[in-house]
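Notes to accompany the following structure.
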Amino acid sequence: FALFDKSTSVISCKKTNRIVRDYIGATGKGPLVGLEKRLLKTGVVGRVDPDSLDDYFSAVDSFSQAISRAKSLSYTAGMADFDSVNNFERGNESSSGESSNLEQARKAIDEANSYLRTIVSLFSSDDS
């Protein structure tokens with residue numbers, strides 16, 4: 001039994017960049033913290049076929065650039081995106097999805113993910 005009519009209540013929302021920044025390691029938390037440095041360690045590079053080293057280093061560099069772009073865009077999203085600095089009713093986001101910094105950060109993360117797949121594919125399968 002409710003003391004008020006719940007159908008008239010408005011759920012207030014705010015988009016946040018915190019989850020994205022934590023996941024990509026921008027805050028020192030998450031699975032991707034320091035991944036660029038770990039990919040360049042001798043033990044990791046040693047698992048790459050010597051004929052593919054140029055491709056490997058190119059993919060690691062591209063991955064690092066994409067993650068840096070995602071970190072920058074996700075930081076900016078917390079400051080500049082209208083939906084991240086203002087409350088809105090659920091389902092009524094005001095900014096267009098493609099132009100928001102958070103959406104651009106998502107695209108940069110997708111790009112980084114594709115480079116990471118390339119990196120993993122370049123590891124030798126033999127354990128010798």
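In the structure tokens, chains take letters A, B, ... by order of appearance, with residues numbered from 1 within each chain and ligands from 1 in the order shown.
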
Just the residues within 10 Å of range 47-61 of chain A, please, counting only C-alpha atoms, with nothing from its chain fewer than 2 positions along; format it as a CSV table (one decimal) with all heavy atoms, in the first residue's frame.
```
chain,number,residue,atom,x,y,z
A,35,LEU,N,47.8,-1.8,-19.4
A,35,LEU,CA,47.9,-2.8,-20.4
A,35,LEU,C,48.9,-2.5,-21.5
A,35,LEU,O,49.6,-3.4,-21.9
A,35,LEU,CB,46.5,-3.1,-21.1
A,35,LEU,CG,46.5,-4.2,-22.1
A,35,LEU,CD1,46.9,-5.5,-21.4
A,35,LEU,CD2,45.1,-4.4,-22.7
A,36,GLU,N,49.0,-1.2,-21.9
A,36,GLU,CA,50.0,-0.8,-22.9
A,36,GLU,C,51.4,-1.2,-22.5
A,36,GLU,O,52.2,-1.7,-23.3
A,36,GLU,CB,49.9,0.7,-23.2
A,36,GLU,CG,48.5,1.1,-23.8
A,36,GLU,CD,47.7,1.8,-22.7
A,36,GLU,OE1,47.7,1.3,-21.5
A,36,GLU,OE2,46.9,2.7,-23.0
A,37,LYS,N,51.7,-1.0,-21.3
A,37,LYS,CA,53.1,-1.3,-20.8
A,37,LYS,C,53.3,-2.8,-20.7
A,37,LYS,O,54.4,-3.3,-21.0
A,37,LYS,CB,53.3,-0.7,-19.4
A,37,LYS,CG,53.4,0.8,-19.4
A,37,LYS,CD,53.6,1.4,-18.0
A,37,LYS,CE,53.6,2.9,-18.0
A,37,LYS,NZ,53.6,3.5,-16.7
A,39,LEU,N,51.9,-5.0,-22.6
A,39,LEU,CA,52.0,-5.6,-23.9
A,39,LEU,C,53.5,-5.4,-24.5
A,39,LEU,O,53.8,-6.1,-25.5
A,39,LEU,CB,51.0,-4.9,-24.9
A,39,LEU,CG,49.6,-5.3,-24.6
A,39,LEU,CD1,48.6,-4.4,-25.5
A,39,LEU,CD2,49.3,-6.8,-24.9
A,40,LEU,N,54.2,-4.5,-23.9
A,40,LEU,CA,55.6,-4.2,-24.4
A,40,LEU,C,56.7,-4.9,-23.6
A,40,LEU,O,57.9,-4.8,-23.9
A,40,LEU,CB,55.8,-2.7,-24.5
A,40,LEU,CG,54.9,-2.0,-25.5
A,40,LEU,CD1,55.1,-0.5,-25.3
A,40,LEU,CD2,55.1,-2.4,-26.9
A,42,THR,N,59.2,-7.8,-22.3
A,42,THR,CA,60.0,-8.8,-23.1
A,42,THR,C,59.3,-10.1,-23.1
A,42,THR,O,59.3,-10.8,-24.2
A,42,THR,CB,61.4,-8.9,-22.5
A,42,THR,OG1,62.0,-7.6,-22.4
A,42,THR,CG2,62.3,-9.8,-23.3
A,43,GLY,N,58.8,-10.6,-22.0
A,43,GLY,CA,58.1,-11.9,-22.0
A,43,GLY,C,56.9,-12.0,-22.9
A,43,GLY,O,56.6,-13.0,-23.4
A,44,VAL,N,56.2,-10.9,-23.0
A,44,VAL,CA,55.0,-10.9,-23.9
A,44,VAL,C,55.4,-10.8,-25.3
A,44,VAL,O,54.9,-11.5,-26.2
A,44,VAL,CB,54.1,-9.7,-23.5
A,44,VAL,CG1,52.9,-9.6,-24.4
A,44,VAL,CG2,53.6,-9.9,-22.1
A,45,VAL,N,56.3,-9.9,-25.6
A,45,VAL,CA,56.8,-9.7,-27.0
A,45,VAL,C,57.5,-11.0,-27.5
A,45,VAL,O,57.4,-11.3,-28.7
A,45,VAL,CB,57.8,-8.5,-27.1
A,45,VAL,CG1,58.4,-8.4,-28.5
A,45,VAL,CG2,57.0,-7.2,-26.8
A,63,PHE,N,46.4,0.5,-30.6
A,63,PHE,CA,45.6,0.3,-29.5
A,63,PHE,C,45.8,1.4,-28.4
A,63,PHE,O,44.9,1.9,-27.9
A,63,PHE,CB,46.0,-1.1,-28.9
A,63,PHE,CG,45.4,-1.4,-27.5
A,63,PHE,CD1,44.1,-1.7,-27.4
A,63,PHE,CD2,46.1,-1.2,-26.4
A,63,PHE,CE1,43.5,-2.0,-26.1
A,63,PHE,CE2,45.6,-1.4,-25.1
A,63,PHE,CZ,44.3,-1.8,-25.0
A,64,SER,N,47.1,1.7,-28.2
A,64,SER,CA,47.4,2.8,-27.2
A,64,SER,C,46.8,4.1,-27.6
A,64,SER,O,46.2,4.8,-26.7
A,64,SER,CB,48.9,2.9,-27.1
A,64,SER,OG,49.2,3.8,-26.1
A,65,GLN,N,46.8,4.4,-28.9
A,65,GLN,CA,46.2,5.7,-29.3
A,65,GLN,C,44.7,5.7,-29.1
A,65,GLN,O,44.1,6.7,-28.7
A,65,GLN,CB,46.6,5.9,-30.8
A,65,GLN,CG,48.0,6.3,-31.0
A,65,GLN,CD,48.4,6.4,-32.5
A,65,GLN,OE1,47.5,6.5,-33.3
A,65,GLN,NE2,49.6,6.5,-32.8
A,66,ALA,N,44.1,4.5,-29.5
A,66,ALA,CA,42.6,4.4,-29.3
A,66,ALA,C,42.2,4.5,-27.9
A,66,ALA,O,41.2,5.2,-27.5
A,66,ALA,CB,42.1,3.1,-30.0
A,67,ILE,N,42.9,3.9,-27.0
A,67,ILE,CA,42.6,4.0,-25.5
A,67,ILE,C,42.8,5.4,-25.0
A,67,ILE,O,42.0,5.9,-24.2
A,67,ILE,CB,43.4,2.9,-24.7
A,67,ILE,CG1,42.9,1.5,-24.9
A,67,ILE,CG2,43.5,3.2,-23.2
A,67,ILE,CD1,41.5,1.3,-24.4
A,112,ALA,N,39.7,0.2,-30.2
A,112,ALA,CA,40.8,-0.4,-29.4
A,112,ALA,C,40.6,-1.9,-29.2
A,112,ALA,O,41.6,-2.7,-29.3
A,112,ALA,CB,40.8,0.2,-28.0
A,114,SER,N,39.2,-3.9,-31.4
A,114,SER,CA,39.6,-4.5,-32.7
A,114,SER,C,41.2,-4.7,-32.8
A,114,SER,O,41.7,-5.7,-33.2
A,114,SER,CB,39.1,-3.8,-33.9
A,114,SER,OG,39.7,-2.6,-34.1
A,115,TYR,N,41.9,-3.6,-32.3
A,115,TYR,CA,43.4,-3.7,-32.3
A,115,TYR,C,43.8,-4.8,-31.3
A,115,TYR,O,44.8,-5.5,-31.6
A,115,TYR,CB,44.0,-2.4,-31.9
A,115,TYR,CG,43.8,-1.3,-33.0
A,115,TYR,CD1,43.2,-0.1,-32.8
A,115,TYR,CD2,44.3,-1.6,-34.3
A,115,TYR,CE1,43.1,0.8,-33.8
A,115,TYR,CE2,44.2,-0.7,-35.3
A,115,TYR,CZ,43.6,0.5,-35.1
A,115,TYR,OH,43.5,1.4,-36.1
A,116,LEU,N,43.1,-4.9,-30.2
A,116,LEU,CA,43.5,-5.9,-29.2
A,116,LEU,C,43.3,-7.3,-29.8
A,116,LEU,O,44.1,-8.2,-29.5
A,116,LEU,CB,42.7,-5.7,-27.9
A,116,LEU,CG,43.1,-6.4,-26.7
A,116,LEU,CD1,44.6,-6.1,-26.4
A,116,LEU,CD2,42.2,-6.1,-25.5
A,117,ARG,N,42.2,-7.5,-30.5
A,117,ARG,CA,42.0,-8.8,-31.2
A,117,ARG,C,43.2,-9.1,-32.2
A,117,ARG,O,43.6,-10.2,-32.2
A,117,ARG,CB,40.7,-8.8,-32.0
A,117,ARG,CG,39.5,-9.0,-31.1
A,117,ARG,CD,38.3,-9.2,-32.0
A,117,ARG,NE,37.1,-9.2,-31.1
A,117,ARG,CZ,36.1,-8.3,-31.1
A,117,ARG,NH1,36.2,-7.3,-32.0
A,117,ARG,NH2,35.1,-8.4,-30.3
A,118,THR,N,43.6,-8.1,-32.9
A,118,THR,CA,44.8,-8.3,-33.8
A,118,THR,C,46.0,-8.7,-33.0
A,118,THR,O,46.8,-9.6,-33.4
A,118,THR,CB,45.0,-7.0,-34.6
A,118,THR,OG1,43.9,-6.6,-35.3
A,118,THR,CG2,46.2,-7.1,-35.5
A,119,ILE,N,46.2,-8.0,-31.9
A,119,ILE,CA,47.4,-8.3,-31.0
A,119,ILE,C,47.4,-9.7,-30.6
A,119,ILE,O,48.4,-10.4,-30.7
A,119,ILE,CB,47.4,-7.3,-29.8
A,119,ILE,CG1,47.8,-5.9,-30.3
A,119,ILE,CG2,48.4,-7.7,-28.8
A,119,ILE,CD1,47.5,-4.8,-29.3
A,120,VAL,N,46.2,-10.2,-30.1
A,120,VAL,CA,46.1,-11.5,-29.5
A,120,VAL,C,46.3,-12.5,-30.7
A,120,VAL,O,46.9,-13.6,-30.5
A,120,VAL,CB,44.7,-11.7,-28.8
A,120,VAL,CG1,44.5,-13.2,-28.5
A,120,VAL,CG2,44.7,-10.9,-27.6
A,121,SER,N,45.8,-12.2,-31.9
A,121,SER,CA,46.0,-13.2,-33.0
A,121,SER,C,47.5,-13.3,-33.4
A,121,SER,O,47.8,-14.3,-34.0
A,121,SER,CB,45.2,-12.7,-34.2
A,121,SER,OG,45.7,-11.6,-34.8
A,122,LEU,N,48.3,-12.4,-33.0
A,122,LEU,CA,49.7,-12.4,-33.4
A,122,LEU,C,50.6,-13.2,-32.5
A,122,LEU,O,51.8,-13.5,-32.8
A,122,LEU,CB,50.3,-11.0,-33.6
A,122,LEU,CG,49.7,-10.2,-34.7
A,122,LEU,CD1,50.2,-8.8,-34.7
A,122,LEU,CD2,50.1,-10.8,-36.1
A,123,PHE,N,50.0,-13.7,-31.3
A,123,PHE,CA,50.8,-14.5,-30.4
A,123,PHE,C,51.0,-15.9,-31.0
A,123,PHE,O,50.1,-16.4,-31.6
A,123,PHE,CB,50.1,-14.6,-29.0
A,123,PHE,CG,50.2,-13.3,-28.2
A,123,PHE,CD1,49.0,-12.8,-27.7
A,123,PHE,CD2,51.4,-12.7,-28.0
A,123,PHE,CE1,49.0,-11.7,-26.9
A,123,PHE,CE2,51.4,-11.5,-27.3
A,123,PHE,CZ,50.3,-11.0,-26.7
A,124,SER,N,52.2,-16.4,-30.8
A,124,SER,CA,52.5,-17.8,-31.3
A,124,SER,C,51.7,-18.8,-30.5
A,124,SER,O,51.5,-18.6,-29.3
A,124,SER,CB,54.0,-18.1,-31.2
A,124,SER,OG,54.7,-17.2,-31.9
A,125,SER,N,51.2,-19.8,-31.1
A,125,SER,CA,50.5,-20.8,-30.4
A,125,SER,C,51.3,-21.9,-29.8
A,125,SER,O,50.9,-22.6,-28.9
A,125,SER,CB,49.5,-21.5,-31.4
A,125,SER,OG,50.2,-22.1,-32.4
A,126,ASP,N,52.6,-22.0,-30.2
A,126,ASP,CA,53.5,-23.0,-29.6
A,126,ASP,C,54.0,-22.5,-28.2
A,126,ASP,O,54.3,-21.3,-28.0
A,126,ASP,CB,54.6,-23.4,-30.5
A,126,ASP,CG,55.5,-22.2,-30.9
A,126,ASP,OD1,55.0,-21.1,-30.9
A,126,ASP,OD2,56.7,-22.4,-31.1
A,127,ASP,N,54.1,-23.4,-27.3
A,127,ASP,CA,54.5,-23.0,-25.9
A,127,ASP,C,56.0,-23.3,-25.7
A,127,ASP,O,56.4,-23.6,-24.6
A,127,ASP,CB,53.7,-23.8,-24.9
A,127,ASP,CG,52.3,-23.3,-24.9
A,127,ASP,OD1,52.0,-22.1,-25.2
A,127,ASP,OD2,51.4,-24.1,-24.6
A,128,SER,N,56.8,-23.3,-26.7
A,128,SER,CA,58.3,-23.6,-26.5
A,128,SER,C,59.1,-22.4,-26.1
A,128,SER,O,58.7,-21.4,-26.0
A,128,SER,CB,58.8,-24.2,-27.8
A,128,SER,OG,58.5,-23.4,-28.9
```

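For Leu102 in chain A, the set of protein, DNA and RNA residues having any atom at most 8 Å away, when counting only C-alpha atoms and skipping those fewer than 4 positions along the same chain, is Asn17, Leu73, Ser74, Ala77, Asp81 and Arg106 of chain A.
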
**Request:** Would you please work out which residue, of A:Lys29, A:Lys71, A:Lys41, A:Arg18, is nearest to Ala105 in chain A when using only C-alpha atoms?
**Result:**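 With only C-alpha atoms as the atom set, the closest residue is A:Lys71.
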
**Asked** Which polymer residues have any atom within 10 Å of an atom of Ile19 in chain A, counting only C-alpha atoms, with same-chain residues fewer than 4 positions away left out, as a list in words?
**Response** Tyr23, Ile24, Thr27, Gly30 and Ser74 of chain A

**Asked** Suppose you want the space between CA of Tyr75 in chain A and CA of Asn101 in chain A; what is it in Å?
**Response** 8.6 Å

**Item:** Selected residue, from A:Gly46, A:Thr16, A:Pro31, A:Gly25, that lies nearest to Ala70 in chain A when counting only C-alpha atoms
**Value:** A:Gly25
